[in-house]
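One file, query.cif, is given below (mmCIF, C-alpha atoms).
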data_coords
#
loop_
_atom_site.label_atom_id
_atom_site.label_comp_id
_atom_site.auth_asym_id
_atom_site.auth_seq_id
_atom_site.Cartn_x
_atom_site.Cartn_y
_atom_site.Cartn_z
CA MET A 285 71.10 -76.03 -189.83
CA LYS A 286 69.72 -79.56 -189.74
CA ILE A 287 66.91 -80.36 -187.32
CA ILE A 288 66.47 -84.01 -186.40
CA VAL A 289 62.81 -84.66 -185.61
CA LEU A 290 62.10 -87.69 -183.43
CA TYR A 291 58.47 -88.80 -183.36
CA GLY A 292 56.16 -91.77 -182.77
CA GLY A 293 57.49 -93.71 -179.81
CA LEU A 294 56.51 -96.50 -177.44
CA SER A 295 53.58 -94.71 -175.86
CA PRO A 296 49.78 -94.69 -176.02
CA GLU A 297 50.27 -91.11 -177.27
CA HIS A 298 52.06 -92.37 -180.39
CA ASP A 299 49.43 -91.04 -182.81
CA ILE A 300 49.40 -87.59 -181.17
CA SER A 301 53.16 -87.47 -181.68
CA ILE A 302 52.70 -88.06 -185.42
CA LEU A 303 50.15 -85.23 -185.63
CA SER A 304 52.46 -82.89 -183.71
CA ALA A 305 55.49 -83.84 -185.80
CA THR A 306 53.64 -83.04 -189.04
CA ASN A 307 53.00 -79.49 -187.86
CA VAL A 308 56.51 -79.03 -186.48
CA ILE A 309 58.15 -80.30 -189.69
CA ASN A 310 56.09 -77.97 -191.87
CA ALA A 311 56.99 -75.01 -189.65
CA LEU A 312 60.68 -75.95 -189.82
CA LEU A 313 60.51 -76.03 -193.62
CA GLU A 314 58.93 -72.58 -193.67
CA ALA A 315 61.82 -71.34 -191.53
CA ASP A 316 64.35 -72.77 -194.04
CA TYR A 317 65.76 -75.52 -191.82
CA SER A 318 66.96 -78.84 -193.21
CA VAL A 319 64.67 -81.48 -191.67
CA GLN A 320 65.60 -85.11 -191.03
CA PRO A 321 62.77 -87.18 -189.48
CA TYR A 322 63.31 -90.36 -187.51
CA TYR A 323 60.29 -92.49 -186.72
CA ILE A 324 60.13 -94.73 -183.65
CA ASN A 325 57.43 -97.25 -184.52
CA LYS A 326 55.11 -99.01 -182.10
CA GLU A 327 57.52 -101.96 -181.86
CA GLY A 328 60.35 -99.64 -180.83
CA LYS A 329 62.29 -99.78 -184.11
CA TRP A 330 63.97 -96.57 -185.28
CA LEU A 331 63.44 -95.79 -188.97
CA LYS A 332 65.24 -93.05 -190.89
CA ALA A 333 62.99 -91.20 -193.32
CA PRO A 334 64.20 -89.27 -196.35
CA LEU A 335 64.99 -85.58 -195.87
CA VAL A 336 61.85 -83.50 -196.09
CA THR A 337 61.95 -81.15 -199.07
CA GLU A 338 58.35 -80.03 -199.32
CA LYS A 339 55.37 -79.51 -197.05
CA LEU A 340 53.69 -82.64 -195.70
CA GLU A 341 50.06 -82.63 -196.79
CA SER A 342 49.01 -85.43 -194.44
CA ASP A 343 50.23 -86.94 -191.18
CA THR A 344 49.84 -90.39 -192.77
CA LEU A 345 53.05 -89.66 -194.70
CA LEU A 346 54.98 -89.97 -191.43
CA GLN A 347 53.72 -93.48 -190.68
CA LEU A 348 56.77 -95.25 -192.07
CA LYS A 349 57.07 -98.92 -193.00
CA GLN A 350 60.48 -100.61 -192.82
CA ALA A 351 62.20 -101.10 -196.17
CA HIS A 352 65.67 -101.30 -197.77
CA ALA A 353 65.30 -97.75 -199.09
CA ALA A 354 63.61 -94.67 -197.67
CA SER A 355 60.95 -92.94 -199.77
CA TRP A 356 57.94 -90.70 -199.31
CA GLY A 357 54.50 -92.03 -200.15
CA ASP A 358 51.62 -90.08 -201.62
CA GLY A 359 49.49 -90.05 -198.46
CA GLN A 360 46.96 -92.38 -200.10
CA GLY A 361 47.78 -95.74 -201.62
CA LEU A 362 51.57 -95.43 -201.59
CA THR A 363 53.09 -95.81 -198.09
CA SER A 364 56.20 -93.97 -196.91
CA THR A 365 59.17 -96.14 -196.02
CA GLY A 366 62.22 -95.79 -193.78
CA VAL A 367 65.52 -97.56 -193.25
CA TRP A 368 66.10 -99.31 -189.92
CA ILE A 369 68.93 -97.83 -187.84
CA GLN A 370 70.48 -98.15 -184.41
CA PRO A 371 69.39 -95.20 -182.23
CA GLY A 372 72.93 -93.88 -181.80
CA GLN A 373 73.18 -93.34 -185.56
CA ILE A 374 71.10 -90.18 -185.31
CA ALA A 375 74.14 -88.27 -184.00
CA GLU A 376 75.29 -85.59 -186.43
CA ASP A 377 77.53 -82.56 -186.03
CA ASP A 378 75.85 -79.14 -186.09
CA ALA A 379 72.37 -80.64 -185.75
CA VAL A 380 69.66 -80.03 -183.15
CA VAL A 381 67.22 -82.73 -182.10
CA PHE A 382 63.52 -81.89 -181.76
CA PRO A 383 61.97 -84.80 -179.79
CA VAL A 384 58.28 -84.46 -180.65
CA LEU A 385 57.42 -87.35 -178.35
CA HIS A 386 54.57 -87.42 -175.87
CA GLY A 387 54.09 -89.65 -172.85
CA PRO A 388 56.27 -92.50 -171.50
CA ASN A 389 59.51 -93.33 -173.32
CA GLY A 390 59.64 -89.89 -174.84
CA GLU A 391 58.55 -87.17 -172.47
CA ASP A 392 59.65 -88.76 -169.20
CA GLY A 393 63.40 -88.22 -169.32
CA THR A 394 64.34 -91.44 -171.12
CA ILE A 395 64.97 -89.90 -174.55
CA GLN A 396 66.42 -86.79 -172.91
CA GLY A 397 68.98 -88.89 -171.04
CA PHE A 398 69.86 -90.72 -174.26
CA LEU A 399 70.45 -87.42 -176.06
CA GLU A 400 72.59 -86.20 -173.16
CA VAL A 401 74.79 -89.30 -173.53
CA LEU A 402 75.13 -88.59 -177.26
CA ASN A 403 76.00 -84.96 -176.36
CA LEU A 404 73.39 -83.59 -178.76
CA PRO A 405 71.51 -80.32 -178.28
CA TYR A 406 67.78 -80.94 -178.07
CA VAL A 407 64.57 -78.95 -177.78
CA GLY A 408 62.56 -78.98 -174.58
CA ALA A 409 63.00 -79.89 -170.96
CA GLY A 410 66.03 -81.73 -169.61
CA VAL A 411 66.11 -85.07 -167.83
CA THR A 412 65.03 -83.80 -164.40
CA ALA A 413 62.12 -81.66 -165.57
CA SER A 414 60.93 -84.31 -168.01
CA ALA A 415 60.95 -87.09 -165.40
CA THR A 416 59.38 -85.07 -162.59
CA GLY A 417 56.88 -83.31 -164.83
CA MET A 418 55.68 -86.62 -166.22
CA ASP A 419 55.30 -88.22 -162.80
CA LYS A 420 52.13 -86.83 -161.22
CA ILE A 421 53.09 -88.02 -157.73
CA ILE A 422 56.56 -86.49 -157.70
CA SER A 423 55.41 -83.27 -159.32
CA LYS A 424 52.63 -82.90 -156.76
CA GLN A 425 55.18 -83.28 -153.97
CA LEU A 426 57.38 -80.62 -155.59
CA PHE A 427 54.40 -78.30 -155.97
CA ASP A 428 53.60 -78.79 -152.29
CA GLN A 429 57.15 -77.75 -151.40
CA ALA A 430 56.87 -74.71 -153.67
CA GLY A 431 53.68 -73.63 -151.87
CA LEU A 432 51.41 -74.09 -154.89
CA PRO A 433 47.75 -74.84 -154.07
CA GLN A 434 46.42 -78.23 -155.20
CA VAL A 435 43.21 -80.21 -154.85
CA PRO A 436 43.35 -83.01 -152.23
CA TYR A 437 44.79 -86.28 -153.52
CA VAL A 438 45.73 -89.82 -152.50
CA TYR A 439 48.35 -91.99 -154.19
CA PHE A 440 49.35 -95.65 -153.99
CA ASP A 441 50.98 -98.35 -156.10
CA LYS A 442 49.87 -101.68 -157.52
CA ARG A 443 51.29 -103.65 -154.59
CA ASP A 444 49.35 -101.51 -152.09
CA TRP A 445 46.15 -102.01 -154.06
CA LEU A 446 46.51 -105.77 -154.44
CA GLN A 447 47.46 -106.33 -150.79
CA ASP A 448 44.62 -104.32 -149.22
CA GLN A 449 42.13 -102.89 -151.70
CA SER A 450 39.56 -102.02 -149.04
CA ARG A 451 42.08 -99.97 -147.06
CA TRP A 452 42.82 -97.72 -150.04
CA ILE A 453 39.15 -97.35 -150.89
CA GLN A 454 38.56 -96.21 -147.31
CA LYS A 455 41.54 -93.86 -147.46
CA CYS A 456 40.24 -92.27 -150.67
CA GLU A 457 36.70 -91.95 -149.32
CA GLY A 458 38.00 -90.67 -145.95
CA ASN A 459 40.12 -87.92 -147.49
CA LEU A 460 38.21 -87.02 -150.65
CA LEU A 461 34.63 -86.35 -151.70
CA TYR A 462 33.10 -87.88 -154.82
CA PRO A 463 33.51 -87.41 -157.70
CA PHE A 464 37.15 -88.57 -157.89
CA PHE A 465 39.49 -88.59 -160.85
CA VAL A 466 41.65 -91.70 -161.08
CA LYS A 467 44.88 -91.32 -163.06
CA PRO A 468 48.00 -93.33 -163.92
CA ALA A 469 50.94 -91.48 -162.37
CA ASN A 470 52.88 -91.45 -165.65
CA MET A 471 50.60 -90.76 -168.59
CA GLY A 472 49.13 -87.81 -170.44
CA SER A 473 46.33 -86.79 -172.78
CA SER A 474 43.70 -88.31 -170.44
CA VAL A 475 44.91 -91.82 -171.30
CA GLY A 476 43.77 -94.21 -168.55
CA VAL A 477 41.94 -91.43 -166.66
CA SER A 478 38.43 -92.00 -165.27
CA ARG A 479 35.85 -89.94 -163.41
CA VAL A 480 34.11 -91.96 -160.68
CA GLU A 481 31.07 -91.42 -158.49
CA ASN A 482 31.19 -94.40 -156.11
CA SER A 483 33.36 -97.20 -154.77
CA GLN A 484 32.42 -99.71 -157.47
CA GLU A 485 33.41 -97.24 -160.18
CA LEU A 486 36.59 -96.51 -158.22
CA ILE A 487 37.61 -100.19 -158.30
CA LYS A 488 37.03 -100.41 -162.05
CA ALA A 489 38.87 -97.13 -162.68
CA VAL A 490 41.93 -98.21 -160.69
CA ASP A 491 42.06 -101.46 -162.67
CA VAL A 492 41.98 -99.43 -165.91
CA ALA A 493 44.70 -97.03 -164.69
CA LEU A 494 46.90 -99.96 -163.63
CA GLU A 495 46.99 -101.08 -167.26
CA PHE A 496 49.11 -97.99 -167.97
CA ASP A 497 51.20 -97.59 -164.82
CA ARG A 498 51.87 -99.34 -161.51
CA ARG A 499 51.38 -96.09 -159.53
CA ILE A 500 48.03 -94.37 -159.21
CA VAL A 501 46.79 -90.90 -158.20
CA VAL A 502 43.22 -90.33 -157.03
CA GLU A 503 42.22 -86.65 -157.00
CA GLN A 504 39.33 -84.71 -155.56
CA GLY A 505 36.95 -83.64 -158.32
CA ILE A 506 35.88 -80.00 -158.16
CA SER A 507 33.62 -77.71 -160.15
CA ALA A 508 36.09 -75.51 -161.98
CA ASN A 509 37.30 -74.21 -165.30
CA GLU A 510 40.48 -75.66 -166.76
CA CYS A 511 42.98 -72.94 -167.59
CA GLU A 512 46.41 -73.28 -169.15
CA VAL A 513 49.56 -71.19 -169.49
CA ALA A 514 52.48 -71.67 -171.86
CA VAL A 515 55.95 -71.10 -170.39
CA LEU A 516 59.05 -70.51 -172.52
CA GLY A 517 62.72 -70.02 -171.66
CA ASN A 518 65.78 -71.35 -169.86
CA ASP A 519 67.00 -69.03 -167.10
CA ASP A 520 65.00 -66.05 -168.41
CA ILE A 521 61.47 -67.45 -168.51
CA HIS A 522 58.22 -65.98 -169.77
CA ALA A 523 54.52 -66.86 -169.46
CA SER A 524 51.91 -66.48 -172.18
CA VAL A 525 48.39 -65.20 -171.80
CA VAL A 526 46.02 -67.56 -169.98
CA GLY A 527 43.74 -69.81 -172.00
CA ARG A 528 40.59 -71.63 -170.92
CA LEU A 529 39.04 -74.88 -172.11
CA VAL A 530 35.37 -74.29 -172.89
CA LYS A 531 33.69 -77.51 -171.83
CA SER A 532 30.18 -78.89 -172.20
CA SER A 533 31.15 -82.01 -170.24
CA ASP A 534 32.73 -82.69 -166.84
CA PHE A 535 35.51 -84.73 -168.41
CA TYR A 536 37.03 -85.07 -171.87
CA ASP A 537 38.74 -88.32 -172.72
CA TYR A 538 41.39 -88.98 -175.37
CA ASP A 539 38.90 -89.28 -178.26
CA GLU A 540 37.16 -86.02 -177.43
CA LYS A 541 40.49 -84.18 -177.29
CA TYR A 542 42.20 -85.58 -180.37
CA ILE A 543 39.77 -87.52 -182.56
CA ASN A 544 36.46 -85.70 -182.33
CA ASN A 545 38.10 -82.36 -181.41
CA THR A 546 35.14 -81.14 -179.37
CA VAL A 547 37.29 -79.09 -177.00
CA GLU A 548 37.04 -75.36 -177.66
CA MET A 549 39.62 -72.86 -176.43
CA GLU A 550 39.01 -69.36 -175.13
CA ILE A 551 42.21 -67.35 -175.64
CA PRO A 552 42.74 -65.20 -173.74
CA ALA A 553 40.57 -66.52 -170.91
CA ASN A 554 37.83 -64.20 -169.71
CA LEU A 555 39.24 -63.69 -166.20
CA PRO A 556 39.95 -60.68 -163.99
CA GLU A 557 43.46 -59.38 -164.64
CA ALA A 558 44.57 -60.10 -161.07
CA VAL A 559 43.48 -63.75 -161.41
CA SER A 560 45.29 -64.16 -164.72
CA ASP A 561 48.42 -62.61 -163.22
CA LYS A 562 48.31 -65.03 -160.28
CA ILE A 563 47.89 -68.02 -162.61
CA LYS A 564 50.91 -66.89 -164.64
CA ASP A 565 52.93 -66.41 -161.46
CA TYR A 566 52.02 -69.93 -160.32
CA ALA A 567 53.00 -71.27 -163.77
CA LEU A 568 56.47 -69.73 -163.47
CA LYS A 569 56.87 -71.12 -159.94
CA ALA A 570 55.86 -74.59 -161.14
CA TYR A 571 58.38 -74.31 -163.99
CA ARG A 572 61.16 -73.55 -161.54
CA ALA A 573 59.97 -76.26 -159.14
CA VAL A 574 60.59 -78.99 -161.74
CA ASP A 575 63.74 -77.26 -163.10
CA GLY A 576 62.09 -76.50 -166.43
CA THR A 577 63.96 -75.42 -169.54
CA GLY A 578 62.79 -74.86 -173.09
CA LEU A 579 59.04 -75.13 -172.74
CA THR A 580 56.19 -76.35 -170.56
CA ARG A 581 52.43 -75.98 -170.45
CA ALA A 582 51.08 -75.52 -166.92
CA ASP A 583 47.46 -76.57 -166.30
CA PHE A 584 45.19 -75.18 -163.57
CA PHE A 585 41.70 -75.45 -162.11
CA VAL A 586 39.94 -72.12 -161.46
CA THR A 587 36.68 -72.14 -159.49
CA ALA A 588 33.75 -69.73 -159.76
CA ASN A 589 35.18 -67.91 -156.71
CA TYR A 590 38.55 -67.67 -158.49
CA ASP A 591 40.31 -70.16 -156.26
CA ILE A 592 43.29 -71.47 -158.24
CA TYR A 593 44.73 -75.00 -158.05
CA ILE A 594 47.61 -76.30 -160.14
CA ASN A 595 46.80 -79.56 -161.89
CA GLU A 596 49.98 -80.59 -163.72
CA VAL A 597 52.75 -79.51 -166.08
CA ASN A 598 53.33 -80.93 -169.54
CA THR A 599 56.96 -80.65 -170.67
CA MET A 600 56.26 -81.55 -174.31
CA PRO A 601 52.71 -80.37 -174.98
CA GLY A 602 50.91 -81.14 -178.21
CA PHE A 603 51.85 -79.19 -181.33
CA THR A 604 48.86 -80.18 -183.47
CA GLN A 605 46.69 -77.62 -185.20
CA PHE A 606 44.31 -77.85 -182.23
CA SER A 607 46.94 -77.54 -179.50
CA MET A 608 46.80 -74.99 -176.73
CA TYR A 609 50.54 -74.33 -176.36
CA PRO A 610 51.24 -72.73 -179.78
CA SER A 611 47.81 -71.08 -179.74
CA LEU A 612 48.63 -69.36 -176.43
CA TRP A 613 51.88 -67.95 -177.82
CA GLN A 614 50.12 -66.87 -181.02
CA ALA A 615 47.72 -64.83 -178.88
CA THR A 616 50.68 -63.43 -176.90
CA GLY A 617 52.39 -62.22 -180.07
CA LEU A 618 54.72 -65.09 -181.01
CA ASN A 619 53.63 -66.98 -184.13
CA TYR A 620 54.13 -70.70 -184.71
CA ARG A 621 57.19 -70.38 -186.94
CA ASP A 622 58.95 -67.94 -184.59
CA LEU A 623 58.05 -70.13 -181.61
CA ILE A 624 59.71 -73.15 -183.22
CA ASP A 625 62.78 -71.05 -184.01
CA GLU A 626 63.00 -69.76 -180.44
CA LEU A 627 62.79 -73.31 -179.06
CA ILE A 628 65.72 -74.32 -181.25
CA GLN A 629 67.76 -71.32 -180.11
CA LEU A 630 66.99 -72.17 -176.46
CA ALA A 631 68.23 -75.72 -177.10
CA ILE A 632 71.48 -74.43 -178.57
CA ARG A 633 72.07 -71.96 -175.72
CA ARG A 634 71.45 -74.64 -173.07
CA HIS A 635 73.85 -77.02 -174.82
CA GLN A 636 76.52 -74.32 -175.04
CA ALA A 637 76.11 -73.51 -171.35
CA LYS A 638 76.61 -77.19 -170.45
CA ALA A 639 79.71 -77.33 -172.67
CA SER A 640 81.14 -74.35 -170.78
CA ILE A 641 80.61 -76.12 -167.46
CA ARG A 642 82.31 -79.29 -168.75
CA LYS A 643 85.43 -77.26 -169.62
CA ILE A 644 85.83 -76.39 -165.94
CA TYR A 645 86.43 -80.02 -165.00
#
What does this structure look like when you write it as structure tokens?
Amino acid sequence: MKIIVLYGGLSPEHDISILSATNVINALLEADYSVQPYYINKEGKWLKAPLVTEKLESDTLLQLKQAHAASWGDGQGLTSTGVWIQPGQIAEDDAVVFPVLHGPNGEDGTIQGFLEVLNLPYVGAGVTASATGMDKIISKQLFDQAGLPQVPYVYFDKRDWLQDQSRWIQKCEGNLLYPFFVKPANMGSSVGVSRVENSQELIKAVDVALEFDRRIVVEQGISANECEVAVLGNDDIHASVVGRLVKSSDFYDYDEKYINNTVEMEIPANLPEAVSDKIKDYALKAYRAVDGTGLTRADFFVTANYDIYINEVNTMPGFTQFSMYPSLWQATGLNYRDLIDELIQLAIRRHQAKASIRKIY
């Protein structure tokens, strides 16, 4: 079976996507799949790489330059090249698409909708779950309806902020206690996120967040551990063991997570069994709330008194060598290669189920 790997993309998380794709491609090779990568560069051009026939030793090999012929570089002086294509040309019979894309224009339902139009089976969440999971405002509203506990929050858009900045500062300070966390509504990997201690920092943080999205969420900061659960499945869904981020700082930005790699993971998390079970139950409820399929990582805050608050869901979590999602399944008894294989089988089963529904009408 051929697996079409989409990676890169028009997103600030472009480089994370390349790291994830390297790991996914190598796992697919180990599982004897035929692998066809397609790179979406930072200008939005789609480049077709050569078929992958041997393990990629470096993620730099996937940073394709446009050329008349596709070839693999050596990861050092010789650059890999790809042939420019129209996006619709990725469609192939008996192939499954693995969209290893993080953030806007990849994880937010846009690529998923495109693949639905092409009638291609693809790994991961569908259009609805991708769009709602990516949007922190909509997902919070869905979590509220599902009865999931959350920290207090305020949200507004760019027009609100520009028309009456002081009103929204007062609303934040009237409903929340410092410190706040200011976030773009549609972004991941801590891109555009700031921790603030006063109104002046709040103003600067909102301006930063508005560089990445026109809608903003301001959340109550709390003293808590960050715990995460991996969810896998379509109709029959399963939760992994709970993992915990071991932090020496109140907030880790993009560089600390992906460049310096200072985030340590405790898997499984050292929590009472009843607390872990409740976190896993909340993760499954959040998955259903956004209509999840394939996979999702659900993130939580857990206080010293074991109060649990859902933070967000990530419908295409990182698959780098440092990533929590595959590490959680490894600790649960499902290794990386088998996890990738199961995700592909879930994609095929979901596609077949949709084909059966189409036959009815």
Original post:
Quick one: distance from CA of Phe440 (chain A) to CA of Ser507 (chain A) in Å, one decimal?
Top reply: 24.6 Å
Please tabulate, as a Markdown table, the residues of region 387-479 of chain A that come within 9 Å of region 615-637 of chain A, each with its closest pair of atoms and the distance in Å to one decimal, counting all atoms listed in the file and ordering rows by chain, then residue number upward.
| residue | atom | partner | partner_atom | distance |
| --- | --- | --- | --- | --- |
| A:Asn403 | CA | A:His635 | CA | 8.4 |
| A:Leu404 | CA | A:His635 | CA | 7.7 |
| A:Pro405 | CA | A:His635 | CA | 5.3 |
| A:Tyr406 | CA | A:Ala631 | CA | 5.3 |
| A:Val407 | CA | A:Ala631 | CA | 4.9 |
| A:Gly408 | CA | A:Ala631 | CA | 7.0 |
Who sits within 7 Å of region 580-596 of chain A, all atoms listed in the file, same chain under 2 positions skipped, as a JSON list (two decimals) with C-alpha atoms, keeping the file's coordinate frame:
[["chain", "number", "residue", "atom", "x", "y", "z"],
["A", 432, "LEU", "CA", 51.41, -74.09, -154.89],
["A", 433, "PRO", "CA", 47.75, -74.84, -154.07],
["A", 434, "GLN", "CA", 46.42, -78.23, -155.20],
["A", 435, "VAL", "CA", 43.21, -80.21, -154.85],
["A", 507, "SER", "CA", 33.62, -77.71, -160.15],
["A", 508, "ALA", "CA", 36.09, -75.51, -161.98],
["A", 509, "ASN", "CA", 37.30, -74.21, -165.30],
["A", 510, "GLU", "CA", 40.48, -75.66, -166.76],
["A", 511, "CYS", "CA", 42.98, -72.94, -167.59],
["A", 512, "GLU", "CA", 46.41, -73.28, -169.15],
["A", 513, "VAL", "CA", 49.56, -71.19, -169.49],
["A", 514, "ALA", "CA", 52.48, -71.67, -171.86],
["A", 515, "VAL", "CA", 55.95, -71.10, -170.39],
["A", 516, "LEU", "CA", 59.05, -70.51, -172.52],
["A", 559, "VAL", "CA", 43.48, -63.75, -161.41],
["A", 567, "ALA", "CA", 53.00, -71.27, -163.77],
["A", 598, "ASN", "CA", 53.33, -80.93, -169.54],
["A", 599, "THR", "CA", 56.96, -80.65, -170.67],
["A", 600, "MET", "CA", 56.26, -81.55, -174.31],
["A", 601, "PRO", "CA", 52.71, -80.37, -174.98],
["A", 609, "TYR", "CA", 50.54, -74.33, -176.36]]
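When the distance limit is 10 Å and only C-alpha atoms are what count, the residues near Val502 (chain A), minus those fewer than 3 positions from it on the same chain, are A:Pro436, A:Tyr437, A:Val438, A:Tyr439, A:Phe440, A:Cys456, A:Leu460, A:Phe464, A:Phe465, A:Val466, A:Lys467, A:Pro468, A:Ala469, A:Val477, A:Ser478, A:Arg479, A:Val480, A:Leu486, A:Ala489, A:Val490, A:Gly505.
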Subject >> 7 Å contact set for Ala409 (chain A), all atoms listed in the file, chain neighbours under 4 positions out, as a list in words >> reply: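 Contacts, with the query itself left out: Ala413, Ser414, Gly576, Thr577, Gly578, Leu579 and Thr599 of chain A.
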Original post:
Given the file above and the PyMOL selection byres ((chain A and resi 303) around 9), which residues are selected, and can you give them as JSON, numbers by chain?
Top reply: {"A": [299, 300, 301, 302, 304, 305, 306, 307, 308, 342, 343, 344, 346, 602, 603, 604, 605]}
Subject >> Separation of CA of Ile324 (chain A) from CA of Val367 (chain A), in Å and rounded to one decimal >> reply: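 Going from CA of Ile324 (chain A) over to CA of Val367 (chain A), I get 11.4 Å.
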To box region 381-388 of chain A, take all atoms listed in the file, fit an axis-aligned box, add 6 Å on each side, and give centre and edge lengths in Å to one decimal, as lines of an AutoDock Vina configuration file.
center_x = 60.7
center_y = -87.2
center_z = -176.8
size_x = 25.1
size_y = 22.6
size_z = 22.6
Original post:
Rounded to one decimal in Å, what is the spacing between CA of Ile487 (chain A) and CA of Ser450 (chain A)?
Top reply: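 Between CA of Ile487 (chain A) and CA of Ser450 (chain A) the gap works out to 9.6 Å.
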Subject >> Contact residues around Leu294 (chain A) with all atoms listed in the file at 9 Å, ignoring same-chain residues under 3 positions, as a ChimeraX atom specification >> reply: /A:297-298,324-328,387-390
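Distances from A:Val597, A:Leu461, A:Val501, A:Ile287 to Ser483 (chain A) were compared using only C-alpha atoms, and the smallest one belongs to A:Leu461.
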Subject >> Option closest in space to Glu314 (chain A), from A:Val289, A:Leu340, A:Ala354, A:Val574 [counting all atoms listed in the file] >> reply: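 Smallest separation from Glu314 (chain A) among the options: A:Leu340.
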Original post:
Do you know which residues are at most 6 Å from Val319 (chain A) counting all atoms listed in the file, after dropping those on the same chain fewer than 6 positions away, and could you put them as a VMD selection string?
Top reply: chain A and resid 286 to 287 335 to 336
Put those residues in a file: C-alpha atoms, as a PDB file, in the coordinates of the input.
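After the write, part12.pdb holds the following:
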ATOM      1  CA  LYS A 286      69.720 -79.560-189.740  1.00  0.00           C
ATOM      2  CA  ILE A 287      66.910 -80.360-187.320  1.00  0.00           C
ATOM      3  CA  LEU A 335      64.990 -85.580-195.870  1.00  0.00           C
ATOM      4  CA  VAL A 336      61.850 -83.500-196.090  1.00  0.00           C
TER       5      VAL A 336
END
Original post:
Nearest to Val492 (chain A) among A:Leu555, A:Ile506, A:Val475, A:Ile641, with distances taken over only C-alpha atoms: which residue is it?
Top reply: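 Between A:Leu555, A:Ile506, A:Val475, A:Ile641, the residue approaching Val492 (chain A) most closely is A:Val475.
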**OP:** May I ask which of the residues A:Ser364, A:Gln350, A:Gln614, A:Thr337 is the closest one to Pro552 (chain A), counting only C-alpha atoms?
**Re:** A:Gln614
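Nearest-residue note for Gln504 (chain A): choosing from A:Gly458, A:Gly517, A:Gly292, A:Gly472, the minimum distance belongs to A:Gly458, counting only C-alpha atoms.
Of the listed residues A:Pro463, A:Asn470, A:Val530, A:Lys349, the one whose atoms come nearest to Ser423 (chain A) is A:Asn470, with distances taken using only C-alpha atoms.
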